[in-house]
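Engineer: Got a structure for you, questions after.
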Amino acid sequence: MTTLNTAPNIPQPDDFYAELLALHEGRSKAESDAINARLVLILANHIGDRQVLRNALKAAADPGGRRSAGPEGHARR
Amino acid sequence: MARIFETPLYPYRRSPDQDAAAPVRHPVVVVGAGPVGLACAIDLARQDIPVVVLDENDKVSFGSRAICFAKRPLEILDRLGCAEPMVEKGVVWNVGKVFFGDRRVYEFNLLPEAGHRRPAFINLQQYYFEKFLVDRVRELQAEGRPIEIRGNSKVTAVGRGGDGVALSVETPEGPYRMRADWLIACDGANSPIRAMMGLDFVGRVFEDNFLIADVVMEAAFPTERWFWFDPPFNRGQSALLHKQPDGVWRIDLQLGWNIDKEREKQPENVIPRLKAMLGEDAKFTLEWVSIYTFQCRRMESFRHGQVLFAGDSAHQVSPFGARGANSGLQDADNLVWKLKLVMEGSAPESLLDSYDTERLYGADENILNSSRSTDFITPKSEMSRIFRDAVLDLSEHFAFARPLVNSGRLSVPCTYDGSPLNGPDAQGLPPRTRPGSPAVDAPIKEGWLLDRLGDRFQLLTIDAEAPDLIENGGIAVERLALSTADDPTGALKERYLGDAGSAVYLLRPDQHVAARWTAFDRAEVEAALAKATGR
């Protein structure tokens with residue numbers, strides 16, 4: 001499995017979305033940033049597949065797929 | 001008591017070259033008597049190639065500087081005949097601890113694999129390292145080998161001289177000129193030779209200052225590498241504690257960019273910082289304090305005609321990962337046998353271009369790893385700090401995050417994948433000994449495998465038939481016949497055979513694998529030898 005699943009895949013999506021927002025409720029921006037970063041890392045590890053992850057990074061940076069270049073900020077060496 | 005780095009070890013002496021009517025020509029001149037220059041010179045002299053080392057100073061390195069020496073460089077030094085006193089003196093360590101804020105979040109053990117003569121790492125002050133190399137030079141001189149170190153001899157000009165290199169050298173008694181067929185520039189990150197030749201040295205500057213303090217203390221700290229991210233005693237920055245011989249501890253404190261370096265170096269400013277780290281009651285004395293900044297950069301090419309660059313003069317990395325001196329020693333290892341074959345006329349000069357290819361590959365690997373470590377240790381943007389801190393927070397509770405913690409990816413030997421010198425590989429043999437890899441040590445019936453390898457091309461046969469000597473194009477290939485019957489621990493089979501019943505390895509003089517097969521075939525071996533020697 002190396003394709004990124006972009007079809008609906010979360011049961012009861014409204015419930016999930018509410019849980020996601022509840023996670024951030026009453027938090028400072030710094031706390032929320034830290035939670036988001038931890039969440040990205042936890043989910044990325046769960047996925048594991050480097051090609052899927054690469055596709056996810058690309059999709060996040062450019063949802064419309066219009067830019068041909070990859071996300072900026074990658075160290076060149 | 002005079003400290004070792006304050007005592008002249010190769011004081012200036014007048015050379016007959018200074019009184020010669022015309023500039024005297026030497027086969028090889030090495031500029032710089034640091035770890036890399038001395039390693040090159042020792043390797044040349046022990047193979048009877050005359051070499052003169054010029055150094056603008058007359059002492060070993062001031063202060064401890066490089067302190068972490070990895071297994072592969074120690075194996076190289078075994079080949080040069082000087083690893084033993086270093087390992088005896090050095091501190092062996094395996095455990096590293098990582099702290100975040102005031103919590104210990106992660107601990108690792110290098111878990112060195114059994115069946116190697118040398119440990120994964122030793123810590124040893126650079127001044128001891130250089131002193132042991134100078135001792136080896138003196139030993140070679142006593143054996144009548146053609147090696148000479150000229151102290152207080154500073155190269156002031158370098159240019160073309162006929163088909164070689166012309167040098168001007170400044171001494172306490174005035175200047176003189178000399179010539180060299182080959183010049184190896186090991187004159188450090190600020191290489192005057194590189195500057196005089198107008199060569200580039202491009203890369204990335206890291207806007208950060210680090211305070212190094214070597215302190216002598218009787219401390220209860222274990223022999224481990226301790227690394228702090230954002231510790232209470234150095235908020236927002238990093239810190240490192242590492243043990244050296246003689247009760248000397250290396251402390252490395254990140255200070256940030258906008259600081260007054262002279263002020264920060266003063267003991268009245270250093271001591272409170274150290275007390276905050278070590279405790280108010282800690283009893284210590286300062287041996288050496290320095291502030292450094294660093295860059296990750298390299299030359300476009302390490303070979304410029306008859307001038308070859310090795311070590312920091314050719315490439316510079318951040319200190320995280322111990323990839324400076326360790327990679328310089330691998331440069332020396334890679335260069336000398338090629339230069340020898342070219343000088344003897346048994347290989348074309350183009351063989352030296354493979355020094356460039358292989359060691360550029362090594363340098364890029366080191367720059368990549370050390371830049372990534374530096375980016376993790378000193379995040380350059382708000383978001384990179386957020387992710388860095390997230391990794392550290394998670395690492396305390398979840399194993400998955402620990403491989404992402406990067407407090408330095410410690411130097412590992414370079415495998416020259418894709419090198420133009422590599423010959424064929426055989427299916428089914430273990431990946432770790434594929435062409436381009438340095439031979440992996442293993443216990444054999446009498447001692448260690450690596451002690452039997454090096455300085456010449458060899459055919460290692462394991463349960464395979466082959467002639468004891470193959471001569472081709474002026475190069476002799478000696479056979480080293482081993483058998484799994486002489487494999488006391490099974491390491492030889494595991495590292496060189498895998499599931500195969502037999503194997504034949506062509507090994508280079510630097511102990512790297514050139515090609516391998518599961519059975520001997522003369523035409524194949526001769527073709528691989530030709531390839532490995534640039535013919």
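Order determines the names: the first chain of the structure tokens is A, the second B, and so forth; residues in each chain are numbered 1 upward, and ligands are numbered 1 upward as they are shown.
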Write out as a PDB file with N, CA, C and O atoms, in the first residue's frame which residues come within 9 Å of range 520-529 of chain B when counting only C-alpha atoms, dropping same-chain ones fewer than 3 positions away.
Structural biologist:
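Result file is out_10.pdb:
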ATOM      1  N   LEU B 421      35.730   2.393  -8.609  1.00  0.00           N
ATOM      2  CA  LEU B 421      36.703   1.313  -8.375  1.00  0.00           C
ATOM      3  C   LEU B 421      36.035  -0.015  -8.030  1.00  0.00           C
ATOM      4  O   LEU B 421      36.691  -1.042  -7.998  1.00  0.00           O
ATOM      5  N   ASN B 422      34.730   0.030  -7.753  1.00  0.00           N
ATOM      6  CA  ASN B 422      34.053  -1.200  -7.334  1.00  0.00           C
ATOM      7  C   ASN B 422      33.859  -2.171  -8.494  1.00  0.00           C
ATOM      8  O   ASN B 422      33.409  -1.769  -9.567  1.00  0.00           O
ATOM      9  N   GLY B 423      34.170  -3.422  -8.218  1.00  0.00           N
ATOM     10  CA  GLY B 423      33.934  -4.481  -9.195  1.00  0.00           C
ATOM     11  C   GLY B 423      32.639  -5.209  -8.864  1.00  0.00           C
ATOM     12  O   GLY B 423      31.815  -4.704  -8.101  1.00  0.00           O
ATOM     13  N   PRO B 424      32.489  -6.401  -9.420  1.00  0.00           N
ATOM     14  CA  PRO B 424      31.227  -7.117  -9.261  1.00  0.00           C
ATOM     15  C   PRO B 424      30.941  -7.576  -7.826  1.00  0.00           C
ATOM     16  O   PRO B 424      31.849  -7.804  -7.043  1.00  0.00           O
ATOM     17  N   PHE B 457      47.086  -5.317  -2.302  1.00  0.00           N
ATOM     18  CA  PHE B 457      45.877  -6.018  -2.747  1.00  0.00           C
ATOM     19  C   PHE B 457      45.947  -7.461  -2.263  1.00  0.00           C
ATOM     20  O   PHE B 457      47.007  -8.075  -2.268  1.00  0.00           O
ATOM     21  N   LEU B 459      43.629 -11.321  -1.936  1.00  0.00           N
ATOM     22  CA  LEU B 459      42.470 -12.139  -2.265  1.00  0.00           C
ATOM     23  C   LEU B 459      42.149 -12.968  -1.026  1.00  0.00           C
ATOM     24  O   LEU B 459      42.933 -13.834  -0.634  1.00  0.00           O
ATOM     25  N   THR B 461      40.159 -15.717   0.549  1.00  0.00           N
ATOM     26  CA  THR B 461      39.324 -16.850   0.139  1.00  0.00           C
ATOM     27  C   THR B 461      38.813 -17.557   1.376  1.00  0.00           C
ATOM     28  O   THR B 461      39.564 -17.772   2.329  1.00  0.00           O
ATOM     29  N   ALA B 464      37.483 -21.516  -0.383  1.00  0.00           N
ATOM     30  CA  ALA B 464      37.525 -21.468  -1.851  1.00  0.00           C
ATOM     31  C   ALA B 464      38.972 -21.638  -2.308  1.00  0.00           C
ATOM     32  O   ALA B 464      39.899 -21.244  -1.607  1.00  0.00           O
ATOM     33  N   GLU B 465      39.137 -22.210  -3.461  1.00  0.00           N
ATOM     34  CA  GLU B 465      40.469 -22.395  -4.033  1.00  0.00           C
ATOM     35  C   GLU B 465      40.858 -21.160  -4.829  1.00  0.00           C
ATOM     36  O   GLU B 465      40.001 -20.517  -5.448  1.00  0.00           O
ATOM     37  N   ALA B 466      42.154 -20.832  -4.832  1.00  0.00           N
ATOM     38  CA  ALA B 466      42.677 -19.746  -5.666  1.00  0.00           C
ATOM     39  C   ALA B 466      44.195 -19.828  -5.624  1.00  0.00           C
ATOM     40  O   ALA B 466      44.748 -20.408  -4.680  1.00  0.00           O
ATOM     41  N   PRO B 467      44.888 -19.268  -6.609  1.00  0.00           N
ATOM     42  CA  PRO B 467      46.364 -19.278  -6.553  1.00  0.00           C
ATOM     43  C   PRO B 467      46.847 -18.417  -5.385  1.00  0.00           C
ATOM     44  O   PRO B 467      46.173 -17.467  -4.991  1.00  0.00           O
ATOM     45  N   ILE B 470      48.795 -13.730  -7.516  1.00  0.00           N
ATOM     46  CA  ILE B 470      48.423 -13.364  -8.885  1.00  0.00           C
ATOM     47  C   ILE B 470      49.165 -12.086  -9.194  1.00  0.00           C
ATOM     48  O   ILE B 470      49.146 -11.151  -8.390  1.00  0.00           O
ATOM     49  N   GLU B 471      49.855 -12.047 -10.343  1.00  0.00           N
ATOM     50  CA  GLU B 471      50.515 -10.800 -10.717  1.00  0.00           C
ATOM     51  C   GLU B 471      49.875 -10.285 -11.975  1.00  0.00           C
ATOM     52  O   GLU B 471      49.671 -11.020 -12.933  1.00  0.00           O
ATOM     53  N   ASN B 472      49.561  -9.003 -11.934  1.00  0.00           N
ATOM     54  CA  ASN B 472      48.909  -8.433 -13.101  1.00  0.00           C
ATOM     55  C   ASN B 472      49.282  -6.967 -13.199  1.00  0.00           C
ATOM     56  O   ASN B 472      49.067  -6.211 -12.249  1.00  0.00           O
ATOM     57  N   ILE B 475      51.175  -5.358 -10.359  1.00  0.00           N
ATOM     58  CA  ILE B 475      50.583  -5.393  -9.021  1.00  0.00           C
ATOM     59  C   ILE B 475      50.397  -6.843  -8.596  1.00  0.00           C
ATOM     60  O   ILE B 475      49.842  -7.651  -9.342  1.00  0.00           O
ATOM     61  N   VAL B 477      48.812  -9.664  -6.141  1.00  0.00           N
ATOM     62  CA  VAL B 477      47.661  -9.914  -5.256  1.00  0.00           C
ATOM     63  C   VAL B 477      47.969 -11.176  -4.473  1.00  0.00           C
ATOM     64  O   VAL B 477      48.108 -12.268  -5.034  1.00  0.00           O
ATOM     65  N   ALA B 503      33.501 -18.058  -0.523  1.00  0.00           N
ATOM     66  CA  ALA B 503      33.563 -16.691  -1.042  1.00  0.00           C
ATOM     67  C   ALA B 503      34.998 -16.306  -1.359  1.00  0.00           C
ATOM     68  O   ALA B 503      35.948 -16.814  -0.743  1.00  0.00           O
ATOM     69  N   VAL B 504      35.141 -15.413  -2.331  1.00  0.00           N
ATOM     70  CA  VAL B 504      36.438 -14.872  -2.724  1.00  0.00           C
ATOM     71  C   VAL B 504      36.299 -13.355  -2.746  1.00  0.00           C
ATOM     72  O   VAL B 504      35.447 -12.815  -3.463  1.00  0.00           O
ATOM     73  N   LEU B 506      38.209  -9.621  -3.227  1.00  0.00           N
ATOM     74  CA  LEU B 506      39.376  -8.828  -3.611  1.00  0.00           C
ATOM     75  C   LEU B 506      39.392  -7.599  -2.701  1.00  0.00           C
ATOM     76  O   LEU B 506      38.434  -6.813  -2.683  1.00  0.00           O
ATOM     77  N   ARG B 508      41.331  -4.103  -1.180  1.00  0.00           N
ATOM     78  CA  ARG B 508      42.255  -3.024  -1.519  1.00  0.00           C
ATOM     79  C   ARG B 508      43.274  -2.837  -0.391  1.00  0.00           C
ATOM     80  O   ARG B 508      43.047  -3.299   0.721  1.00  0.00           O
ATOM     81  N   ALA B 514      36.934  -4.550  -2.879  1.00  0.00           N
ATOM     82  CA  ALA B 514      36.860  -4.063  -4.258  1.00  0.00           C
ATOM     83  C   ALA B 514      35.815  -4.854  -5.051  1.00  0.00           C
ATOM     84  O   ALA B 514      35.082  -4.288  -5.865  1.00  0.00           O
ATOM     85  N   ALA B 515      35.779  -6.152  -4.819  1.00  0.00           N
ATOM     86  CA  ALA B 515      34.836  -7.013  -5.554  1.00  0.00           C
ATOM     87  C   ALA B 515      34.749  -8.333  -4.810  1.00  0.00           C
ATOM     88  O   ALA B 515      35.599  -8.634  -3.975  1.00  0.00           O
ATOM     89  N   ARG B 516      33.717  -9.118  -5.113  1.00  0.00           N
ATOM     90  CA  ARG B 516      33.627 -10.425  -4.454  1.00  0.00           C
ATOM     91  C   ARG B 516      32.808 -11.408  -5.294  1.00  0.00           C
ATOM     92  O   ARG B 516      31.945 -10.995  -6.084  1.00  0.00           O
ATOM     93  N   TRP B 517      33.140 -12.659  -5.097  1.00  0.00           N
ATOM     94  CA  TRP B 517      32.503 -13.737  -5.839  1.00  0.00           C
ATOM     95  C   TRP B 517      32.272 -14.917  -4.881  1.00  0.00           C
ATOM     96  O   TRP B 517      32.777 -14.891  -3.772  1.00  0.00           O
ATOM     97  N   ALA B 532      39.948  -1.543 -10.006  1.00  0.00           N
ATOM     98  CA  ALA B 532      40.248  -0.976  -8.681  1.00  0.00           C
ATOM     99  C   ALA B 532      41.514  -0.130  -8.686  1.00  0.00           C
ATOM    100  O   ALA B 532      41.779   0.602  -7.735  1.00  0.00           O
ATOM    101  N   THR B 533      42.307  -0.252  -9.749  1.00  0.00           N
ATOM    102  CA  THR B 533      43.530   0.546  -9.819  1.00  0.00           C
ATOM    103  C   THR B 533      43.432   1.602 -10.908  1.00  0.00           C
ATOM    104  O   THR B 533      44.425   2.174 -11.334  1.00  0.00           O
ATOM    105  N   GLY B 534      42.230   1.824 -11.373  1.00  0.00           N
ATOM    106  CA  GLY B 534      41.993   2.905 -12.333  1.00  0.00           C
ATOM    107  C   GLY B 534      42.535   2.639 -13.732  1.00  0.00           C
ATOM    108  O   GLY B 534      42.724   3.567 -14.518  1.00  0.00           O
ATOM    109  N   ARG B 535      42.780   1.356 -14.043  1.00  0.00           N
ATOM    110  CA  ARG B 535      43.330   1.045 -15.370  1.00  0.00           C
ATOM    111  C   ARG B 535      42.240   0.658 -16.360  1.00  0.00           C
ATOM    112  O   ARG B 535      41.194   0.158 -15.969  1.00  0.00           O
TER     113      ARG B 535
END
Engineer: Please provide as an mmCIF file with N, CA and C atoms, in the first residue's frame all residues within 8 Å of range 246-259 of chain B, with the sequence filter that same-chain residues fewer than 5 positions apart are discarded (counting only C-alpha atoms).
Structural biologist:
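Output file around_20.cif follows:
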data_model
loop_
_atom_site.group_PDB
_atom_site.id
_atom_site.type_symbol
_atom_site.label_atom_id
_atom_site.label_comp_id
_atom_site.auth_asym_id
_atom_site.auth_seq_id
_atom_site.Cartn_x
_atom_site.Cartn_y
_atom_site.Cartn_z
ATOM 1 N N GLU B 207 24.808 30.013 12.690
ATOM 2 C CA GLU B 207 24.951 31.197 13.531
ATOM 3 C C GLU B 207 24.758 30.815 14.987
ATOM 4 N N ASP B 208 25.799 30.273 15.573
ATOM 5 C CA ASP B 208 25.726 29.857 16.948
ATOM 6 C C ASP B 208 27.135 29.786 17.520
ATOM 7 N N ASN B 209 27.257 30.046 18.791
ATOM 8 C CA ASN B 209 28.541 29.914 19.466
ATOM 9 C C ASN B 209 28.440 28.805 20.509
ATOM 10 N N PHE B 210 29.521 28.085 20.644
ATOM 11 C CA PHE B 210 29.597 27.039 21.655
ATOM 12 C C PHE B 210 30.823 27.268 22.526
ATOM 13 N N LEU B 211 30.609 27.136 23.821
ATOM 14 C CA LEU B 211 31.712 27.219 24.763
ATOM 15 C C LEU B 211 32.192 25.803 25.050
ATOM 16 N N ILE B 212 33.491 25.576 24.862
ATOM 17 C CA ILE B 212 34.085 24.300 25.266
ATOM 18 C C ILE B 212 34.884 24.556 26.516
ATOM 19 N N ALA B 213 34.657 23.779 27.530
ATOM 20 C CA ALA B 213 35.508 23.865 28.703
ATOM 21 C C ALA B 213 35.970 22.458 29.041
ATOM 22 N N ASP B 214 37.265 22.299 29.200
ATOM 23 C CA ASP B 214 37.795 21.041 29.718
ATOM 24 C C ASP B 214 38.095 21.277 31.174
ATOM 25 N N VAL B 215 37.436 20.511 32.026
ATOM 26 C CA VAL B 215 37.671 20.703 33.444
ATOM 27 C C VAL B 215 38.246 19.427 34.040
ATOM 28 N N VAL B 216 39.128 19.616 35.011
ATOM 29 C CA VAL B 216 39.686 18.479 35.725
ATOM 30 C C VAL B 216 38.901 18.376 37.016
ATOM 31 N N MET B 217 38.223 17.241 37.200
ATOM 32 C CA MET B 217 37.489 17.080 38.461
ATOM 33 C C MET B 217 37.407 15.611 38.840
ATOM 34 N N GLU B 218 37.304 15.421 40.139
ATOM 35 C CA GLU B 218 37.013 14.100 40.660
ATOM 36 C C GLU B 218 35.500 14.066 40.772
ATOM 37 N N ASN B 234 21.098 26.014 31.412
ATOM 38 C CA ASN B 234 21.468 26.678 30.143
ATOM 39 C C ASN B 234 20.211 26.778 29.284
ATOM 40 N N GLN B 237 19.129 26.434 25.342
ATOM 41 C CA GLN B 237 20.330 26.018 24.603
ATOM 42 C C GLN B 237 20.589 24.532 24.866
ATOM 43 N N SER B 238 21.756 24.049 24.473
ATOM 44 C CA SER B 238 22.078 22.645 24.713
ATOM 45 C C SER B 238 23.359 22.535 25.532
ATOM 46 N N ALA B 239 23.650 21.320 25.977
ATOM 47 C CA ALA B 239 24.876 21.075 26.744
ATOM 48 C C ALA B 239 25.305 19.628 26.572
ATOM 49 N N LEU B 240 26.610 19.409 26.688
ATOM 50 C CA LEU B 240 27.173 18.063 26.531
ATOM 51 C C LEU B 240 28.231 17.838 27.609
ATOM 52 N N LEU B 241 28.228 16.641 28.163
ATOM 53 C CA LEU B 241 29.263 16.255 29.132
ATOM 54 C C LEU B 241 29.862 14.927 28.677
ATOM 55 N N GLU B 264 32.837 35.997 27.470
ATOM 56 C CA GLU B 264 32.335 34.669 27.844
ATOM 57 C C GLU B 264 33.466 33.692 28.152
#
Engineer: Using only C-alpha atoms, which chain A residues lie at most 12 Å away from chain B, written as an NGL selection string?
Structural biologist: :A and (29-48 or 73-77)
Engineer: Between A:Ala22, A:Pro8, A:Asp15, A:Thr2, which is the closest to Leu53 in chain A once you count only C-alpha atoms?
Structural biologist: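 Under the stated criterion, the closest residue is A:Thr2.
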Engineer: Report, in Å to a single decimal, how far apart CA of Leu329 in chain B and CA of Phe62 in chain B are.
Structural biologist: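 Distance reported for this atom pair: 19.4 Å.
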Engineer: So that I can check the secondary structure, give me every residue of range 15-49 of chain A assigned helix (DSSP H, G or I) by backbone DSSP, as a ChimeraX atom specification.
Structural biologist: /A:15-24,29-47
Engineer: What is the CA of Val440 in chain B to CA of Phe69 in chain B distance in Å?
Structural biologist: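 Taking CA of Val440 in chain B as the start and CA of Phe69 in chain B as the end point, the length is 17.3 Å.
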Engineer: One number please: CA of Leu449 in chain B to CA of Gln511 in chain B, in Å, one decimal.
Structural biologist: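 Computing the Euclidean distance for CA of Leu449 in chain B and CA of Gln511 in chain B yields 10.5 Å.
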Engineer: Check the smallest atom-to-atom distance from each of B:Val412, B:Met178, B:Ala276, B:Val28 to Leu44 in chain B using only C-alpha atoms, then report the winner.
Structural biologist: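 Using only C-alpha atoms, Leu44 in chain B sits closest to B:Val28.
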Engineer: Identify all residues of range 92-189 of chain B in strand (DSSP E) (DSSP on the backbone) and supply them as JSON, numbers by chain.
Structural biologist: {"B": [92, 95, 96, 97, 98, 99, 100, 103, 104, 105, 106, 107, 108, 109, 121, 122, 123, 147, 148, 149, 150, 154, 155, 156, 157, 158, 159, 160, 161, 164, 165, 166, 167, 168, 169, 170, 171, 174, 175, 176, 177, 178, 179, 180, 181, 182, 183, 184, 185]}
Engineer: Restricting it to N, CA and C atoms, dump the selection as a tab-separated table (two decimals), in the first residue's frame.
Structural biologist:
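Okay, this is what ended up in again.tsv:
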chain	number	residue	atom	x	y	z
B	92	VAL	N	36.83	4.23	27.12
B	92	VAL	CA	35.83	3.55	26.30
B	92	VAL	C	34.45	3.83	26.89
B	95	VAL	N	27.39	4.08	26.76
B	95	VAL	CA	26.05	4.55	27.12
B	95	VAL	C	25.96	6.06	26.91
B	96	GLY	N	24.87	6.48	26.31
B	96	GLY	CA	24.58	7.90	26.17
B	96	GLY	C	23.23	8.19	26.81
B	97	LYS	N	23.12	9.34	27.47
B	97	LYS	CA	21.84	9.74	28.05
B	97	LYS	C	21.43	11.07	27.47
B	98	VAL	N	20.11	11.20	27.25
B	98	VAL	CA	19.58	12.43	26.70
B	98	VAL	C	18.61	13.03	27.70
B	99	PHE	N	18.83	14.30	28.02
B	99	PHE	CA	17.96	15.02	28.96
B	99	PHE	C	17.23	16.12	28.20
B	100	PHE	N	15.98	16.37	28.64
B	100	PHE	CA	15.20	17.47	28.05
B	100	PHE	C	14.65	18.26	29.23
B	103	ARG	N	14.36	16.58	32.79
B	103	ARG	CA	14.02	15.15	32.76
B	103	ARG	C	15.00	14.36	31.91
B	104	ARG	N	15.29	13.16	32.36
B	104	ARG	CA	16.05	12.25	31.50
B	104	ARG	C	15.03	11.55	30.62
B	105	VAL	N	15.11	11.77	29.30
B	105	VAL	CA	14.05	11.25	28.44
B	105	VAL	C	14.46	9.98	27.69
B	106	TYR	N	15.74	9.74	27.59
B	106	TYR	CA	16.15	8.71	26.66
B	106	TYR	C	17.57	8.27	26.99
B	107	GLU	N	17.81	7.00	26.81
B	107	GLU	CA	19.15	6.48	27.06
B	107	GLU	C	19.47	5.50	25.93
B	108	PHE	N	20.68	5.55	25.44
B	108	PHE	CA	21.03	4.56	24.41
B	108	PHE	C	22.33	3.87	24.78
B	109	ASN	N	22.48	2.67	24.23
B	109	ASN	CA	23.72	1.93	24.42
B	109	ASN	C	24.23	1.60	23.03
B	121	PHE	N	34.00	3.33	20.21
B	121	PHE	CA	34.57	4.67	20.38
B	121	PHE	C	35.55	4.70	21.52
B	122	ILE	N	36.55	5.55	21.40
B	122	ILE	CA	37.31	5.94	22.60
B	122	ILE	C	37.31	7.46	22.66
B	123	ASN	N	37.37	7.97	23.87
B	123	ASN	CA	37.58	9.41	24.05
B	123	ASN	C	39.04	9.61	24.42
B	147	ILE	N	61.17	9.71	6.98
B	147	ILE	CA	60.14	10.64	7.43
B	147	ILE	C	60.77	11.72	8.30
B	148	GLU	N	60.30	12.93	8.13
B	148	GLU	CA	60.90	14.06	8.82
B	148	GLU	C	59.78	15.06	9.13
B	149	ILE	N	59.77	15.62	10.36
B	149	ILE	CA	58.83	16.70	10.68
B	149	ILE	C	59.66	17.97	10.88
B	150	ARG	N	59.29	19.00	10.15
B	150	ARG	CA	59.98	20.28	10.33
B	150	ARG	C	59.04	21.26	11.04
B	154	LYS	N	56.65	27.46	8.12
B	154	LYS	CA	55.35	27.90	7.61
B	154	LYS	C	55.42	28.11	6.11
B	155	VAL	N	54.51	27.47	5.40
B	155	VAL	CA	54.48	27.64	3.94
B	155	VAL	C	53.88	29.02	3.64
B	156	THR	N	54.63	29.83	2.90
B	156	THR	CA	54.16	31.19	2.60
B	156	THR	C	53.77	31.36	1.14
B	157	ALA	N	54.19	30.44	0.30
B	157	ALA	CA	53.77	30.52	-1.11
B	157	ALA	C	53.75	29.12	-1.69
B	158	VAL	N	52.81	28.89	-2.59
B	158	VAL	CA	52.73	27.60	-3.27
B	158	VAL	C	52.39	27.89	-4.72
B	159	GLY	N	53.09	27.16	-5.61
B	159	GLY	CA	52.83	27.40	-7.02
B	159	GLY	C	53.30	26.22	-7.84
B	160	ARG	N	53.17	26.32	-9.13
B	160	ARG	CA	53.66	25.24	-9.99
B	160	ARG	C	55.17	25.31	-10.07
B	161	GLY	N	55.81	24.17	-10.05
B	161	GLY	CA	57.26	24.13	-10.20
B	161	GLY	C	57.59	23.00	-11.14
B	164	GLY	N	55.89	19.62	-10.89
B	164	GLY	CA	55.51	19.40	-9.50
B	164	GLY	C	55.02	20.70	-8.87
B	165	VAL	N	55.32	20.81	-7.57
B	165	VAL	CA	54.84	21.96	-6.79
B	165	VAL	C	56.04	22.69	-6.21
B	166	ALA	N	56.01	24.01	-6.28
B	166	ALA	CA	57.08	24.83	-5.68
B	166	ALA	C	56.55	25.48	-4.42
B	167	LEU	N	57.37	25.46	-3.37
B	167	LEU	CA	56.94	26.00	-2.07
B	167	LEU	C	57.96	26.99	-1.54
B	168	SER	N	57.46	28.03	-0.87
B	168	SER	CA	58.34	28.88	-0.07
B	168	SER	C	58.00	28.63	1.39
B	169	VAL	N	59.06	28.48	2.20
B	169	VAL	CA	58.86	28.12	3.60
B	169	VAL	C	59.55	29.16	4.47
B	170	GLU	N	58.82	29.67	5.46
B	170	GLU	CA	59.38	30.65	6.38
B	170	GLU	C	59.79	29.94	7.67
B	171	THR	N	61.01	30.23	8.15
B	171	THR	CA	61.48	29.62	9.39
B	171	THR	C	62.05	30.71	10.30
B	174	GLY	N	64.83	32.43	8.66
B	174	GLY	CA	64.61	32.99	7.33
B	174	GLY	C	63.98	31.98	6.38
B	175	PRO	N	63.67	32.46	5.18
B	175	PRO	CA	62.92	31.63	4.23
B	175	PRO	C	63.82	30.72	3.39
B	176	TYR	N	63.22	29.66	2.86
B	176	TYR	CA	63.89	28.88	1.83
B	176	TYR	C	62.83	28.31	0.90
B	177	ARG	N	63.31	27.75	-0.20
B	177	ARG	CA	62.36	27.18	-1.16
B	177	ARG	C	62.56	25.69	-1.30
B	178	MET	N	61.51	25.00	-1.58
B	178	MET	CA	61.63	23.58	-1.83
B	178	MET	C	60.61	23.16	-2.89
B	179	ARG	N	60.78	21.95	-3.39
B	179	ARG	CA	59.86	21.44	-4.41
B	179	ARG	C	59.31	20.09	-3.98
B	180	ALA	N	58.15	19.76	-4.52
B	180	ALA	CA	57.54	18.48	-4.19
B	180	ALA	C	56.90	17.90	-5.44
B	181	ASP	N	57.04	16.59	-5.60
B	181	ASP	CA	56.28	15.94	-6.68
B	181	ASP	C	54.80	16.00	-6.34
B	182	TRP	N	54.51	15.77	-5.06
B	182	TRP	CA	53.13	15.77	-4.58
B	182	TRP	C	53.05	16.53	-3.26
B	183	LEU	N	51.99	17.28	-3.12
B	183	LEU	CA	51.77	18.02	-1.89
B	183	LEU	C	50.43	17.59	-1.29
B	184	ILE	N	50.46	17.21	-0.02
B	184	ILE	CA	49.20	16.89	0.66
B	184	ILE	C	48.94	18.00	1.68
B	185	ALA	N	47.85	18.73	1.47
B	185	ALA	CA	47.53	19.86	2.34
B	185	ALA	C	46.59	19.39	3.45
Engineer: When you look at Pro172 in chain B with a cut-off of 8 Å (counting only C-alpha atoms), what residues show up, excluding the ones that are within fewer than 3 positions of it in the same chain? I need them as a list in words.
Structural biologist: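 Contacts, with the query itself left out: Tyr12, Asn152 and Ser153 of chain B.
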Engineer: Export N, CA and C atoms of the chosen residues as an mmCIF file, in the first residue's frame?
Structural biologist:
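Result saved to out_23.cif:
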data_model
loop_
_atom_site.group_PDB
_atom_site.id
_atom_site.type_symbol
_atom_site.label_atom_id
_atom_site.label_comp_id
_atom_site.auth_asym_id
_atom_site.auth_seq_id
_atom_site.Cartn_x
_atom_site.Cartn_y
_atom_site.Cartn_z
ATOM 1 N N TYR B 12 62.079 23.478 15.908
ATOM 2 C CA TYR B 12 62.764 23.851 14.671
ATOM 3 C C TYR B 12 64.213 23.404 14.686
ATOM 4 N N ASN B 152 58.012 24.813 13.163
ATOM 5 C CA ASN B 152 58.179 26.251 12.899
ATOM 6 C C ASN B 152 58.535 26.531 11.443
ATOM 7 N N SER B 153 57.923 25.808 10.562
ATOM 8 C CA SER B 153 58.181 25.947 9.126
ATOM 9 C C SER B 153 56.853 26.213 8.435
#
Engineer: Return the single residue from B:Arg194, B:Ile444, B:Lys531, B:Val405 that is closest to Leu351 in chain B, with distances computed using only C-alpha atoms.
Structural biologist: B:Lys531
Engineer: Pick out the closest residue to Leu492 in chain B from this set: B:Glu446, B:Asp441, B:Glu300, B:Glu268. Count only C-alpha atoms.
Structural biologist: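 Of B:Glu446, B:Asp441, B:Glu300, B:Glu268, the one nearest Leu492 in chain B, counting only C-alpha atoms, is B:Asp441.
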